[in-house]
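Structure first, commentary second.
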Amino acid sequence: MALAGLFPFSVIFLQTIEILNVVWGYTIYTSYGFMLIMLFLLLIMTALVSIVMTYFQLAAENHEWWWRSTRLYVYGYSIYHSFHLLEMKGFMQTTFFFGYMASGMESF
């Protein structure tokens, strides 16, 4: 059941790279139409995965289930992104990056 967040994350994976580069790399984002298409695909995929996973949880008679989302995958990728693709130096930059990403993941 933990792999349920992998499908929605695979939809937004390329946009995640682009957005992290824009926010933390000080570049300009220009693909607004493509991001809108990805938003609709993400909403559709998340709805379908939620329905299927809810069915599996209730069919297994597990009534103490939680909603699982893609936030762990996005945060995990942001950790990879920070260590391998960003050139941040210093404690404050790293603290701000992980703090903002953690608060962003809490809003999912």
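Labeling convention for the structure tokens: chains A, B, ... as they appear, residues from 1 per chain, ligands from 1 in order of appearance.
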Quick one: contact table of region 10-62 of chain A to region 86-90 of chain A, 12 Å max, nearest atom pair and distance in Å to one decimal per residue, counting only C-alpha atoms, chain and number order, as CSV?
residue,atom,partner,partner_atom,distance
A:Ile17,CA,A:Leu86,CA,11.2
A:Leu20,CA,A:Leu86,CA,9.3
A:Asn21,CA,A:Leu86,CA,8.2
A:Val22,CA,A:Leu86,CA,11.3
A:Val23,CA,A:Leu86,CA,11.0
A:Trp24,CA,A:Leu86,CA,7.7
A:Gly25,CA,A:Leu86,CA,7.5
A:Tyr26,CA,A:Leu86,CA,11.2
Write out as a ChimeraX atom specification all residues of chain A that DSSP puts in alpha helix (DSSP H) for this structure's backbone.
/A:6-25,32-59,71-84,91-106
For the residues in that selection, give me C-alpha atoms as a tab-separated table (two decimals), in the first residue's frame.
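Output saved as out.tsv:
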chain	number	residue	atom	x	y	z
A	6	LEU	CA	4.33	6.31	-6.55
A	7	PHE	CA	1.78	6.64	-9.37
A	8	PRO	CA	0.79	10.27	-8.67
A	9	PHE	CA	4.45	11.16	-8.08
A	10	SER	CA	5.39	9.69	-11.45
A	11	VAL	CA	2.91	12.09	-13.07
A	12	ILE	CA	4.50	15.18	-11.51
A	13	PHE	CA	8.14	14.01	-11.46
A	14	LEU	CA	9.36	16.19	-14.35
A	15	GLN	CA	7.47	19.22	-13.09
A	16	THR	CA	9.00	18.70	-9.66
A	17	ILE	CA	12.48	18.93	-11.18
A	18	GLU	CA	11.56	22.10	-13.06
A	19	ILE	CA	9.87	23.79	-10.09
A	20	LEU	CA	12.72	22.98	-7.70
A	21	ASN	CA	15.18	24.42	-10.22
A	22	VAL	CA	13.09	27.57	-10.55
A	23	VAL	CA	12.61	28.11	-6.82
A	24	TRP	CA	16.10	27.24	-5.64
A	25	GLY	CA	18.13	27.95	-8.78
A	32	TYR	CA	2.60	27.33	-17.45
A	33	GLY	CA	0.40	25.49	-19.95
A	34	PHE	CA	2.31	22.26	-19.45
A	35	MET	CA	2.02	22.67	-15.69
A	36	LEU	CA	-1.76	23.09	-16.03
A	37	ILE	CA	-1.96	19.84	-18.01
A	38	MET	CA	0.15	18.09	-15.36
A	39	LEU	CA	-2.16	19.45	-12.65
A	40	PHE	CA	-5.20	17.90	-14.33
A	41	LEU	CA	-3.36	14.60	-14.83
A	42	LEU	CA	-2.28	14.64	-11.19
A	43	LEU	CA	-5.84	15.26	-9.99
A	44	ILE	CA	-7.21	12.44	-12.14
A	45	MET	CA	-4.45	10.02	-11.13
A	46	THR	CA	-4.76	10.86	-7.44
A	47	ALA	CA	-8.53	10.38	-7.53
A	48	LEU	CA	-8.21	7.01	-9.26
A	49	VAL	CA	-5.47	5.77	-6.95
A	50	SER	CA	-7.42	6.96	-3.90
A	51	ILE	CA	-10.51	5.06	-5.01
A	52	VAL	CA	-8.57	1.87	-5.73
A	53	MET	CA	-6.54	2.01	-2.50
A	54	THR	CA	-9.67	2.73	-0.44
A	55	TYR	CA	-11.33	-0.27	-2.02
A	56	PHE	CA	-8.32	-2.48	-1.23
A	57	GLN	CA	-8.16	-1.25	2.37
A	58	LEU	CA	-11.86	-1.77	2.99
A	59	ALA	CA	-11.95	-5.11	1.15
A	71	ARG	CA	4.36	13.78	0.11
A	72	LEU	CA	7.02	11.29	1.19
A	73	TYR	CA	8.08	10.73	-2.41
A	74	VAL	CA	8.28	14.47	-3.12
A	75	TYR	CA	10.25	15.11	0.08
A	76	GLY	CA	12.55	12.19	-0.68
A	77	TYR	CA	13.19	13.57	-4.14
A	78	SER	CA	13.86	17.03	-2.69
A	79	ILE	CA	16.54	15.47	-0.46
A	80	TYR	CA	18.11	13.87	-3.52
A	81	HIS	CA	17.77	17.15	-5.42
A	82	SER	CA	19.46	19.14	-2.67
A	83	PHE	CA	22.48	16.88	-2.38
A	84	HIS	CA	23.05	16.07	-6.05
A	91	PHE	CA	24.00	25.71	7.32
A	92	MET	CA	21.37	28.42	6.81
A	93	GLN	CA	20.69	27.59	3.16
A	94	THR	CA	20.30	23.92	3.95
A	95	THR	CA	18.10	24.66	6.94
A	96	PHE	CA	15.84	26.98	4.93
A	97	PHE	CA	15.59	24.47	2.08
A	98	PHE	CA	14.59	21.53	4.27
A	99	GLY	CA	12.36	23.69	6.46
A	100	TYR	CA	10.43	25.10	3.52
A	101	MET	CA	10.18	21.70	1.87
A	102	ALA	CA	8.91	20.12	5.12
A	103	SER	CA	6.30	22.84	5.58
A	104	GLY	CA	5.29	22.47	1.94
A	105	MET	CA	4.90	18.73	2.34
A	106	GLU	CA	2.77	19.25	5.43
